[in-house]
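For reference, work_12.csv is printed below; it contains CSV, C-alpha atoms.
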chain,number,residue,atom,x,y,z
A,1,MET,CA,-3.4,19.7,-50.0
A,2,ARG,CA,-0.1,19.9,-48.2
A,3,GLY,CA,1.5,16.7,-46.8
A,4,MET,CA,0.9,15.6,-43.2
A,5,ARG,CA,3.4,16.6,-40.6
A,6,PRO,CA,4.3,14.2,-37.9
A,7,GLN,CA,2.5,16.3,-35.3
A,8,ASP,CA,-0.7,16.0,-37.3
A,9,ILE,CA,-0.4,12.2,-37.1
A,10,LEU,CA,0.3,11.8,-33.4
A,11,MET,CA,-0.5,14.6,-30.9
A,12,PRO,CA,-0.7,14.9,-27.1
A,13,ASP,CA,-4.1,15.3,-25.6
A,14,ALA,CA,-5.6,15.0,-22.1
A,15,ALA,CA,-5.6,11.2,-22.4
A,16,GLY,CA,-2.1,10.7,-23.8
A,17,LEU,CA,-0.8,10.4,-27.4
A,18,TYR,CA,-3.7,10.6,-29.9
A,19,CYS,CA,-3.7,9.5,-33.5
A,20,ARG,CA,-6.7,11.2,-35.1
A,21,SER,CA,-6.2,9.5,-38.5
A,22,GLY,CA,-6.3,6.1,-36.8
A,23,GLY,CA,-8.8,6.8,-34.1
A,24,PHE,CA,-6.7,5.5,-31.2
A,25,HIS,CA,-4.6,6.5,-28.3
A,26,VAL,CA,-1.2,5.0,-27.3
A,27,ASP,CA,-1.0,4.1,-23.6
A,28,PRO,CA,-3.9,6.5,-22.6
A,29,VAL,CA,-4.0,7.5,-18.9
A,30,ARG,CA,-7.8,7.7,-18.9
A,31,PRO,CA,-10.5,5.5,-20.5
A,32,VAL,CA,-10.8,6.0,-24.3
A,33,ASP,CA,-12.7,4.3,-27.2
A,34,ARG,CA,-9.6,2.6,-28.7
A,35,ALA,CA,-6.2,2.1,-27.0
A,36,VAL,CA,-3.0,0.6,-28.3
A,37,ILE,CA,-0.9,-0.5,-25.3
A,38,THR,CA,2.9,-0.8,-25.2
A,39,HIS,CA,3.2,-3.0,-22.1
A,40,GLY,CA,1.5,-4.2,-18.9
A,41,HIS,CA,2.8,-1.8,-16.3
A,42,SER,CA,-0.1,0.1,-14.9
A,43,ASP,CA,1.1,3.6,-15.6
A,44,HIS,CA,0.8,2.5,-19.3
A,45,ALA,CA,-1.9,-0.2,-19.2
A,46,ARG,CA,-5.1,1.0,-17.5
A,47,PRO,CA,-8.5,-0.7,-17.4
A,48,GLY,CA,-11.7,0.7,-18.8
A,49,HIS,CA,-11.0,1.3,-22.5
A,50,GLY,CA,-13.5,0.4,-25.2
A,51,ALA,CA,-11.1,-1.6,-27.4
A,52,VAL,CA,-7.5,-2.6,-26.6
A,53,LEU,CA,-4.9,-3.7,-29.1
A,54,ALA,CA,-1.6,-5.1,-27.7
A,55,THR,CA,0.6,-8.2,-27.8
A,56,GLN,CA,-1.0,-11.4,-26.4
A,57,GLU,CA,1.3,-11.2,-23.3
A,58,THR,CA,0.3,-7.6,-22.5
A,59,LEU,CA,-3.4,-8.6,-22.8
A,60,ASP,CA,-2.9,-11.6,-20.6
A,61,ILE,CA,-1.0,-9.5,-18.0
A,62,MET,CA,-3.8,-6.9,-18.0
A,63,ARG,CA,-6.4,-9.7,-17.5
A,64,LEU,CA,-4.4,-11.1,-14.6
A,65,ARG,CA,-4.2,-7.8,-12.9
A,66,TYR,CA,-7.6,-6.2,-13.7
A,67,GLY,CA,-9.9,-9.2,-14.3
A,68,ASP,CA,-11.6,-10.5,-17.5
A,69,ASP,CA,-13.6,-7.4,-18.1
A,70,PHE,CA,-10.7,-4.9,-18.2
A,71,ALA,CA,-11.8,-3.7,-21.7
A,72,GLY,CA,-14.8,-3.8,-23.9
A,73,SER,CA,-12.9,-5.9,-26.5
A,74,THR,CA,-9.3,-6.9,-27.2
A,75,GLN,CA,-7.2,-7.7,-30.2
A,76,ALA,CA,-3.8,-9.5,-29.9
A,77,VAL,CA,-1.2,-8.5,-32.5
A,78,CYS,CA,2.1,-10.4,-33.1
A,79,TYR,CA,5.4,-8.6,-33.4
A,80,GLY,CA,6.0,-7.4,-37.0
A,81,GLU,CA,2.4,-7.8,-38.1
A,82,GLU,CA,1.0,-4.7,-39.8
A,83,ILE,CA,-2.5,-3.6,-39.0
A,84,ARG,CA,-4.5,-0.9,-40.8
A,85,LEU,CA,-6.4,1.5,-38.5
A,86,GLY,CA,-8.2,4.3,-40.3
A,87,ASP,CA,-5.7,6.1,-42.5
A,88,VAL,CA,-2.6,4.7,-40.8
A,89,SER,CA,-0.8,1.4,-40.5
A,90,ILE,CA,0.6,0.3,-37.2
A,91,ALA,CA,3.1,-2.5,-36.3
A,92,LEU,CA,4.4,-3.7,-32.9
A,93,HIS,CA,8.1,-4.4,-32.4
A,94,PRO,CA,9.8,-5.7,-29.3
A,95,ALA,CA,10.8,-3.0,-26.8
A,96,GLY,CA,13.0,-5.3,-24.5
A,97,HIS,CA,11.4,-3.8,-21.4
A,98,VAL,CA,9.2,-6.6,-20.0
A,99,LEU,CA,7.5,-9.7,-21.4
A,100,GLY,CA,5.2,-8.7,-24.3
A,101,SER,CA,6.4,-5.0,-24.3
A,102,ALA,CA,6.2,-3.4,-27.7
A,103,GLN,CA,7.2,-0.2,-29.6
A,104,ILE,CA,4.3,1.1,-31.7
A,105,ALA,CA,5.3,2.0,-35.3
A,106,VAL,CA,2.7,4.3,-36.9
A,107,ARG,CA,3.0,4.8,-40.6
A,108,HIS,CA,1.1,7.4,-42.7
A,109,GLY,CA,2.2,7.6,-46.3
A,110,PRO,CA,6.0,8.1,-46.2
A,111,ILE,CA,6.2,9.1,-42.6
A,112,ARG,CA,7.0,6.6,-39.9
A,113,ILE,CA,6.8,7.5,-36.2
A,114,VAL,CA,7.9,5.0,-33.5
A,115,ALA,CA,6.4,5.4,-30.0
A,116,SER,CA,8.8,3.2,-28.0
A,117,GLY,CA,7.0,3.2,-24.6
A,118,ASP,CA,9.5,2.0,-22.0
A,119,TYR,CA,12.5,0.2,-23.4
A,120,LYS,CA,16.0,-1.1,-22.9
A,121,ASP,CA,18.6,-2.3,-25.4
A,122,VAL,CA,20.5,-4.7,-23.2
A,123,ARG,CA,20.0,-8.4,-22.8
A,124,ASP,CA,17.1,-9.8,-20.7
A,125,PRO,CA,16.5,-13.5,-20.6
A,126,THR,CA,12.8,-13.0,-19.9
A,127,CYS,CA,11.6,-11.0,-22.9
A,128,ALA,CA,12.2,-10.6,-26.6
A,129,PRO,CA,15.2,-8.3,-27.3
A,130,PHE,CA,14.8,-4.7,-28.3
A,131,GLU,CA,14.4,-4.3,-32.1
A,132,LEU,CA,15.7,-1.2,-33.7
A,133,VAL,CA,13.0,0.3,-36.1
A,134,PRO,CA,14.3,3.0,-38.5
A,135,CYS,CA,11.9,5.9,-38.5
A,136,ASP,CA,11.5,9.7,-39.1
A,137,VAL,CA,10.3,10.5,-35.6
A,138,PHE,CA,11.4,8.5,-32.5
A,139,ILE,CA,9.4,9.0,-29.3
A,140,THR,CA,11.6,8.1,-26.4
A,141,GLU,CA,11.3,7.8,-22.6
A,142,ALA,CA,13.9,9.5,-20.5
A,143,THR,CA,13.5,7.8,-17.1
A,144,PHE,CA,17.3,7.7,-16.7
A,145,GLY,CA,18.0,10.6,-19.1
A,146,LEU,CA,21.0,12.0,-17.3
A,147,PRO,CA,24.7,11.1,-17.9
A,148,VAL,CA,25.1,10.0,-14.2
A,149,PHE,CA,22.9,7.0,-15.0
A,150,ARG,CA,25.1,4.2,-16.4
A,151,HIS,CA,23.7,1.0,-15.3
A,152,GLY,CA,26.7,-1.3,-15.9
A,153,ASP,CA,26.3,-5.1,-16.1
A,154,ALA,CA,23.3,-6.7,-14.4
A,155,ALA,CA,25.1,-10.1,-14.1
A,156,SER,CA,27.9,-8.5,-12.0
A,157,GLU,CA,25.2,-7.0,-9.7
A,158,VAL,CA,23.8,-10.5,-9.2
A,159,ASP,CA,27.3,-11.8,-8.5
A,160,LYS,CA,27.4,-9.2,-5.7
A,161,LEU,CA,24.1,-10.5,-4.3
A,162,LEU,CA,25.3,-14.1,-4.4
A,163,ALA,CA,28.6,-13.2,-2.7
A,164,SER,CA,26.5,-11.6,0.1
A,165,VAL,CA,24.4,-14.8,0.4
A,166,ALA,CA,27.5,-16.9,0.7
A,167,LEU,CA,29.0,-14.5,3.3
A,168,PHE,CA,25.9,-14.4,5.6
A,169,PRO,CA,24.5,-17.9,5.7
A,170,GLU,CA,22.6,-17.1,8.9
A,171,ARG,CA,20.7,-14.1,7.3
A,172,ALA,CA,17.8,-14.0,4.8
A,173,HIS,CA,18.3,-11.9,1.7
A,174,LEU,CA,15.2,-9.9,0.8
A,175,ILE,CA,15.2,-8.2,-2.7
A,176,GLY,CA,12.8,-5.4,-3.4
A,177,ALA,CA,11.9,-5.7,-7.1
A,178,TYR,CA,8.8,-4.6,-9.2
A,179,SER,CA,6.5,-7.5,-9.6
A,180,LEU,CA,6.1,-7.3,-13.4
A,181,GLY,CA,9.4,-7.7,-15.3
A,182,LYS,CA,12.1,-6.9,-12.8
A,183,ALA,CA,11.4,-9.7,-10.3
A,184,GLN,CA,11.4,-12.3,-13.1
A,185,ARG,CA,14.5,-10.9,-14.7
A,186,VAL,CA,16.4,-10.9,-11.4
A,187,ILE,CA,15.3,-14.6,-10.8
A,188,ALA,CA,16.5,-15.6,-14.3
A,189,LEU,CA,19.8,-13.9,-13.8
A,190,ILE,CA,20.3,-15.6,-10.4
A,191,ARG,CA,19.7,-18.9,-12.1
A,192,GLU,CA,22.1,-18.1,-14.9
A,193,ALA,CA,24.7,-17.4,-12.3
A,194,GLY,CA,24.4,-21.0,-11.1
A,195,TYR,CA,22.2,-20.6,-8.0
A,196,GLY,CA,19.9,-23.7,-7.9
A,197,ALA,CA,18.3,-23.5,-4.4
A,198,PRO,CA,14.6,-22.6,-4.0
A,199,ILE,CA,13.8,-18.9,-4.4
A,200,TYR,CA,10.9,-17.5,-2.3
A,201,LEU,CA,8.2,-15.1,-3.4
A,202,HIS,CA,6.0,-12.6,-1.6
A,203,GLY,CA,2.3,-13.3,-2.4
A,204,ALA,CA,2.0,-10.2,-4.6
A,205,MET,CA,4.6,-11.7,-7.0
A,206,GLU,CA,3.1,-15.1,-7.5
A,207,LYS,CA,0.5,-14.6,-10.3
A,208,VAL,CA,2.7,-12.7,-12.7
A,209,THR,CA,5.7,-14.9,-12.0
A,210,ARG,CA,3.7,-18.1,-12.7
A,211,TYR,CA,2.5,-16.5,-15.9
A,212,TYR,CA,6.1,-16.0,-17.0
A,213,GLN,CA,6.8,-19.7,-16.3
A,214,SER,CA,3.7,-20.6,-18.3
A,215,ARG,CA,5.2,-18.8,-21.3
A,216,GLY,CA,8.2,-21.0,-21.2
A,217,ILE,CA,10.6,-18.8,-19.2
A,218,ALA,CA,12.7,-21.0,-16.9
A,219,LEU,CA,12.9,-19.6,-13.4
A,220,GLY,CA,13.6,-22.8,-11.5
A,221,ASP,CA,12.2,-23.8,-8.1
A,222,LEU,CA,10.0,-21.0,-6.8
A,223,ARG,CA,8.0,-21.2,-3.5
A,224,PRO,CA,5.7,-19.0,-1.6
A,225,VAL,CA,7.3,-17.5,1.5
A,226,LYS,CA,4.0,-17.7,3.3
A,227,GLY,CA,3.9,-20.4,5.9
A,228,MET,CA,7.7,-20.8,6.1
A,229,LYS,CA,9.3,-20.9,9.6
A,230,LYS,CA,11.6,-18.0,10.3
A,231,ALA,CA,14.6,-20.2,11.1
A,232,ASP,CA,14.2,-22.0,7.8
A,233,LEU,CA,14.6,-18.8,5.9
A,234,ALA,CA,18.3,-18.4,7.0
A,235,GLY,CA,20.5,-18.3,3.9
A,236,THR,CA,17.6,-18.0,1.4
A,237,ILE,CA,16.6,-15.4,-1.2
A,238,THR,CA,13.1,-13.9,-1.3
A,239,LEU,CA,11.7,-11.4,-3.8
A,240,ALA,CA,9.1,-8.9,-2.7
A,241,PRO,CA,7.5,-5.7,-3.9
A,242,PRO,CA,9.7,-2.7,-2.9
A,243,SER,CA,7.1,-1.4,-0.4
A,244,ALA,CA,7.1,-4.7,1.5
A,245,THR,CA,10.8,-4.5,2.2
A,246,ALA,CA,10.2,-1.5,4.5
A,247,ASP,CA,7.2,-3.1,6.2
A,248,LEU,CA,6.4,-5.2,9.3
A,249,TRP,CA,6.3,-8.1,6.9
A,250,THR,CA,10.1,-8.2,7.1
A,251,ARG,CA,10.0,-9.4,10.7
A,252,ARG,CA,9.3,-12.9,9.5
A,253,PHE,CA,12.9,-13.1,8.3
A,254,PRO,CA,16.1,-13.8,10.3
A,255,ASP,CA,18.2,-10.6,10.4
A,256,PRO,CA,17.3,-9.7,6.8
A,257,VAL,CA,19.7,-8.1,4.3
A,258,THR,CA,17.5,-5.8,2.3
A,259,ALA,CA,18.4,-5.3,-1.3
A,260,PHE,CA,16.6,-3.3,-4.0
A,261,ALA,CA,17.0,-3.9,-7.7
A,262,SER,CA,16.6,-0.6,-9.6
A,263,GLY,CA,18.4,1.8,-11.8
A,264,TRP,CA,17.8,4.4,-9.0
A,265,MET,CA,20.3,2.4,-6.9
A,266,ARG,CA,23.1,4.2,-8.9
A,267,LEU,CA,22.3,7.1,-6.5
A,268,ARG,CA,23.8,6.2,-3.1
A,269,ALA,CA,21.7,8.8,-1.4
A,270,ARG,CA,18.6,7.2,-2.8
A,271,ALA,CA,19.7,3.8,-1.4
A,272,ARG,CA,20.5,5.2,2.0
A,273,GLN,CA,17.2,7.1,2.2
A,274,ARG,CA,15.3,3.8,1.6
A,275,GLY,CA,17.4,1.9,4.1
A,276,VAL,CA,18.8,-0.4,1.5
A,277,GLU,CA,21.8,-2.4,2.7
A,278,LEU,CA,22.6,-4.0,-0.7
A,279,PRO,CA,21.8,-1.7,-3.6
A,280,LEU,CA,21.6,-3.7,-6.9
A,281,VAL,CA,21.8,-1.5,-10.1
A,282,ILE,CA,19.5,-3.6,-12.3
A,283,SER,CA,17.1,-1.6,-14.5
A,284,ASP,CA,14.5,-2.4,-17.1
A,285,HIS,CA,14.9,1.0,-18.7
A,286,ALA,CA,17.7,2.2,-21.0
A,287,ASP,CA,20.5,4.1,-19.2
A,288,TRP,CA,22.0,7.3,-20.6
A,289,ASP,CA,24.2,5.5,-23.0
A,290,GLY,CA,21.4,3.2,-24.1
A,291,LEU,CA,19.1,6.2,-24.8
A,292,ILE,CA,21.6,8.1,-26.9
A,293,ARG,CA,22.8,5.0,-28.7
A,294,THR,CA,19.2,4.1,-29.7
A,295,ILE,CA,18.2,7.6,-30.7
A,296,ALA,CA,21.3,7.8,-33.0
A,297,ALA,CA,20.7,4.3,-34.5
A,298,THR,CA,17.0,4.9,-35.5
A,299,GLY,CA,18.2,7.5,-38.0
A,300,ALA,CA,15.2,9.7,-36.9
A,301,GLY,CA,15.7,13.4,-37.6
A,302,GLU,CA,13.1,14.3,-35.0
A,303,ILE,CA,13.0,13.1,-31.4
A,304,TRP,CA,10.1,13.6,-29.0
A,305,VAL,CA,10.9,12.9,-25.3
A,306,THR,CA,8.0,11.8,-23.1
A,307,HIS,CA,8.6,11.1,-19.4
A,308,GLY,CA,11.5,11.3,-17.1
A,309,GLN,CA,14.6,13.6,-17.3
A,310,GLU,CA,13.7,15.3,-20.6
A,311,ASP,CA,15.9,18.4,-20.6
A,312,ALA,CA,19.3,16.7,-20.8
A,313,LEU,CA,18.2,14.4,-23.6
A,314,VAL,CA,16.6,17.2,-25.6
A,315,HIS,CA,19.8,19.2,-25.2
A,316,TRP,CA,21.9,16.2,-26.4
A,317,CYS,CA,19.7,15.8,-29.5
A,318,THR,CA,19.8,19.5,-30.4
A,319,THR,CA,23.6,19.7,-30.1
A,320,ARG,CA,23.7,16.9,-32.7
A,321,GLY,CA,21.5,18.7,-35.2
A,322,LEU,CA,18.3,16.7,-34.4
A,323,VAL,CA,14.9,18.4,-34.0
A,324,ALA,CA,13.9,17.5,-30.4
A,325,ARG,CA,11.1,18.5,-28.0
A,326,PRO,CA,9.7,17.4,-24.8
A,327,LEU,CA,6.1,16.1,-24.9
A,328,ALA,CA,4.2,17.2,-21.9
A,329,LEU,CA,2.6,13.9,-21.1
A,330,VAL,CA,1.6,13.3,-17.5
A,331,GLY,CA,0.9,10.1,-15.6
A,332,TYR,CA,3.9,7.9,-16.6
A,333,GLY,CA,6.9,6.7,-14.8
A,334,ASP,CA,6.0,7.1,-11.2
A,335,GLU,CA,8.3,4.2,-10.3
A,336,ASP,CA,10.5,6.8,-8.7
A,337,SER,CA,8.3,6.6,-5.6
A,338,GLY,CA,9.2,3.0,-5.2
A,339,GLU,CA,5.7,2.0,-4.2
A,340,ASP,CA,4.4,-1.2,-5.7
A,341,THR,CA,1.5,-3.4,-4.6
A,342,SER,CA,-0.4,-6.0,-6.6
A,343,SER,CA,-2.8,-3.4,-7.7
A,344,VAL,CA,-0.6,-0.3,-8.2
A,345,GLU,CA,2.5,-0.9,-10.3
A,346,GLU,CA,4.8,1.7,-11.6
A,347,GLY,CA,7.0,1.7,-14.7
A,348,GLY,CA,9.8,-0.3,-13.1
A,349,GLY,CA,13.1,1.5,-12.4
Render the structure in this file as structure tokens.
Amino acid sequence: MRGMRPQDILMPDAAGLYCRSGGFHVDPVRPVDRAVITHGHSDHARPGHGAVLATQETLDIMRLRYGDDFAGSTQAVCYGEEIRLGDVSIALHPAGHVLGSAQIAVRHGPIRIVASGDYKDVRDPTCAPFELVPCDVFITEATFGLPVFRHGDAASEVDKLLASVALFPERAHLIGAYSLGKAQRVIALIREAGYGAPIYLHGAMEKVTRYYQSRGIALGDLRPVKGMKKADLAGTITLAPPSATADLWTRRFPDPVTAFASGWMRLRARARQRGVELPLVISDHADWDGLIRTIAATGAGEIWVTHGQEDALVHWCTTRGLVARPLALVGYGDEDSGEDTSSVEEGGG
């Protein structure tokens, strides 16, 4: 019998990426018997599966968002621990995207395929750093898969925010940020920059942010914005889901400066279209340089590109002699729309 090919081990189907030999899907977009979940954003982590295998943090986040009965059964796996499922072994490795995010390494005989989910290879004080996993096939996202997307240094974006806070002590600063991962990272970076005053939270941010604190991530003095007097919010910083920053809700703030923390803020037209006064280029996805640096470093001869700007990345790979193809997976990476409520969360920007 001939050897297995990578596309026999993992293949796209209607629910997502399916491993027939292991009897599981990775990040399925509809209910399946057995799911392995990379991270807690709801375009990847959906309720209703029979069994879910993920890191403890991802399971906890799914429970917070969907309730105790989000799956028939759950199994928590530590980073680096190898688990046998059917004819394959899987191991979870840090993806550096949000707390608990993992790449899924699937091994069948000599072939190792890494499904990276969403990832970034730059420093983030709120989650384990991205771990490079050598492999034969690397499955990469392409949210920011165009050379125009170079995110720069997140700390300097925070310096820009704090300069604005100092410049406008009579105004409130309102930062739109996705409520899982981005908001907590922005808060941690603000603290690292030496800002010690209370930071205020929209109600939709509180549960997940308190969970981050319970996992030992230092975010300083955080307070609900609810119940605060308008005048008392002058000179303060508040974090809210992006949708709230374009809402009647903003009327409770004195002359607010609206900011939005996202890789999409690299595009000035996108910032203007959203009415963002202070664009902050802070992303939880790899930028163009991060994508090509990671792809090259894995040593993989074959690259599968899942969601985002696939064409440019596939082209870059083929010009370097790699076998590359887009995977037609739907249902991921809708963060582009910028909508975010406590129940609908996209991949993050």
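Closest to Ile237 of chain A among A:Thr58, A:Ser164, A:Thr319, A:Thr126 is A:Ser164, based on all atoms listed in the file.
Proximity to Leu64 of chain A was assessed for A:Ala91, A:His97, A:Tyr212, A:Pro134 counting only C-alpha atoms; the smallest distance is recorded for A:Tyr212.
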| message | Report, in Å to a single decimal, how far apart atom CA of Thr298 of chain A and atom CA of Cys135 of chain A are. | response |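 A separation of 6.0 Å between them.
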| field | Point-to-point distance from atom CA of Ser21 of chain A to atom CA of Asp8 of chain A, Å rounded to tenths | value |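 Separation between atom CA of Ser21 of chain A and atom CA of Asp8 of chain A: 8.6 Å.
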Find the residues near Val114 of chain A: any atom within 8 Å, counting all atoms listed in the file, skip ones fewer than 4 places away on the same chain, and give them as a PDB file with C-alpha atoms, keeping the file's coordinate frame.
ATOM      1  CA  GLN A 103       7.200  -0.200 -29.600  1.00  0.00           C
ATOM      2  CA  ILE A 104       4.300   1.100 -31.700  1.00  0.00           C
ATOM      3  CA  ALA A 105       5.300   2.000 -35.300  1.00  0.00           C
ATOM      4  CA  VAL A 106       2.700   4.300 -36.900  1.00  0.00           C
ATOM      5  CA  VAL A 133      13.000   0.300 -36.100  1.00  0.00           C
ATOM      6  CA  CYS A 135      11.900   5.900 -38.500  1.00  0.00           C
ATOM      7  CA  VAL A 137      10.300  10.500 -35.600  1.00  0.00           C
ATOM      8  CA  PHE A 138      11.400   8.500 -32.500  1.00  0.00           C
ATOM      9  CA  ILE A 139       9.400   9.000 -29.300  1.00  0.00           C
TER      10      ILE A 139
END
| task | List every protein, DNA or RNA residue with an atom no more than 9 Å from (-4.4, 8.2, -27.8) in the file's coordinates, counting only C-alpha atoms, and format the result as a list in words. | result |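 Those within range, by chain then number, are Leu10, Met11, Pro12, Asp13, Ala14, Ala15, Gly16, Leu17, Tyr18, Cys19, Arg20, Gly23, Phe24, His25, Val26, Asp27, Pro28, Val29, Val32, Arg34, Ala35 and Val36 of chain A.
Considering the residues A:Ser283, A:Thr55, A:Thr236, A:Thr209 and counting all atoms listed in the file, Asp153 of chain A has its shortest atom-to-atom contact with A:Ser283.
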| From the list A:Tyr195, A:Arg46, A:Gly263, A:Pro241, which residue is nearest Val165 of chain A when using all atoms listed in the file? |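 Closest residue, counting all atoms listed in the file: A:Tyr195.
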| request: May I ask for the distance between atom CA of Ile295 of chain A and atom CA of Ile83 of chain A, given in Å to one decimal place? | output: 25.0 Å
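Using only C-alpha atoms, the shortest contact distance between Gly86 of chain A and any of A:Val52, A:Leu222, A:Ala45, A:Ile9 is found at A:Ile9.
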| task | List the residues sitting within 12 Å of (2.8, -15.5, -2.9) in the file's frame, using only C-alpha atoms, as a ChimeraX atom specification. | result | /A:179,199-210,222-228,238-241,342
Could you give me, as CSV, a per-residue list for segment 125-159 of chain A showing, wherever an atom lies at most 12 Å from an atom of segment 264-277 of chain A, the closest pair of atoms and their distance in Å to one decimal, using only C-alpha atoms and sorting by chain then residue number from low to high?
residue,atom,partner,partner_atom,distance
A:Thr143,CA,A:Trp264,CA,9.8
A:Phe144,CA,A:Trp264,CA,8.4
A:Gly145,CA,A:Trp264,CA,11.9
A:Leu146,CA,A:Arg266,CA,11.7
A:Pro147,CA,A:Arg266,CA,11.5
A:Val148,CA,A:Arg266,CA,8.1
A:Phe149,CA,A:Arg266,CA,6.7
A:Arg150,CA,A:Arg266,CA,7.8
A:His151,CA,A:Arg266,CA,7.2
A:Gly152,CA,A:Arg266,CA,9.6
A:Glu157,CA,A:Met265,CA,11.0
Since we have the selection now, will you write its residues out, keeping C-alpha atoms, as a short mmCIF file (atom, residue, chain, number, x, y, z; two decimals), in the coordinates of the input?
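As a result, again17.cif now contains:
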data_model
loop_
_atom_site.label_atom_id
_atom_site.label_comp_id
_atom_site.auth_asym_id
_atom_site.auth_seq_id
_atom_site.Cartn_x
_atom_site.Cartn_y
_atom_site.Cartn_z
CA THR A 143 13.50 7.80 -17.10
CA PHE A 144 17.30 7.70 -16.70
CA GLY A 145 18.00 10.60 -19.10
CA LEU A 146 21.00 12.00 -17.30
CA PRO A 147 24.70 11.10 -17.90
CA VAL A 148 25.10 10.00 -14.20
CA PHE A 149 22.90 7.00 -15.00
CA ARG A 150 25.10 4.20 -16.40
CA HIS A 151 23.70 1.00 -15.30
CA GLY A 152 26.70 -1.30 -15.90
CA GLU A 157 25.20 -7.00 -9.70
#
| Top pick for closest residue to Gln213 of chain A, considering A:Val330, A:Cys127, A:Ala261, A:Leu322 and counting only C-alpha atoms |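 Counting only C-alpha atoms, the residue closest to Gln213 of chain A is A:Cys127.
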| task | Write out as number ranges by chain which residues come within 9 Å of Val314 of chain A when counting only C-alpha atoms, dropping same-chain ones fewer than 6 positions away. | result | A: 303-305, 322-326
| Near-Gly194 of chain A list (12 Å; only C-alpha atoms; drop same-chain fewer than 6 positions) as a PyMOL selection string | chain A and resi 155+158-159+162+187-188+219-220
| request: Extract, using only C-alpha atoms, all DNA, RNA and protein residues at most 6 Å from Pro256 of chain A, discarding same-chain residues fewer than 6 positions from it, and format them as a list of chain:residue names. | output: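 Residues near the query, excluding close chain neighbours: A:Arg171, A:Ala172, A:His173.
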Since the input lacks some atoms of segment 136-150 of chain A, please model N, CA and C atoms and print them as a compact mmCIF listing (two decimals), keeping the file's coordinate frame.
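Result file follows (selection.txt):
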# COMPACT_ATOMS: atom_id res chain seq x y z
N ASP A 136 11.29 8.21 -38.95
CA ASP A 136 11.50 9.70 -39.10
C ASP A 136 11.40 10.38 -37.80
N VAL A 137 10.49 9.91 -36.94
CA VAL A 137 10.30 10.50 -35.60
C VAL A 137 10.40 9.35 -34.59
N PHE A 138 11.26 9.50 -33.58
CA PHE A 138 11.40 8.50 -32.50
C PHE A 138 10.89 9.14 -31.22
N ILE A 139 9.91 8.49 -30.59
CA ILE A 139 9.40 9.00 -29.30
C ILE A 139 10.01 8.15 -28.22
N THR A 140 10.85 8.80 -27.41
CA THR A 140 11.60 8.10 -26.40
C THR A 140 11.24 8.48 -24.99
N GLU A 141 11.33 7.53 -24.07
CA GLU A 141 11.30 7.80 -22.60
C GLU A 141 12.60 8.45 -22.22
N ALA A 142 12.64 8.99 -21.00
CA ALA A 142 13.90 9.50 -20.50
C ALA A 142 13.98 9.28 -18.96
N THR A 143 13.47 8.10 -18.53
CA THR A 143 13.50 7.80 -17.10
C THR A 143 14.87 8.02 -16.51
N PHE A 144 15.89 7.53 -17.20
CA PHE A 144 17.30 7.70 -16.70
C PHE A 144 18.07 8.58 -17.69
N GLY A 145 17.42 9.70 -18.10
CA GLY A 145 18.00 10.60 -19.10
C GLY A 145 18.99 11.60 -18.56
N LEU A 146 19.93 11.15 -17.75
CA LEU A 146 21.00 12.00 -17.30
C LEU A 146 22.33 11.18 -17.37
N PRO A 147 23.45 11.81 -17.72
CA PRO A 147 24.70 11.10 -17.90
C PRO A 147 25.16 10.31 -16.64
N VAL A 148 24.68 10.70 -15.45
CA VAL A 148 25.10 10.00 -14.20
C VAL A 148 24.54 8.54 -14.24
N PHE A 149 23.48 8.29 -15.00
CA PHE A 149 22.90 7.00 -15.00
C PHE A 149 23.53 6.06 -16.05
N ARG A 150 24.52 5.30 -15.58
CA ARG A 150 25.10 4.20 -16.40
C ARG A 150 24.97 2.97 -15.61
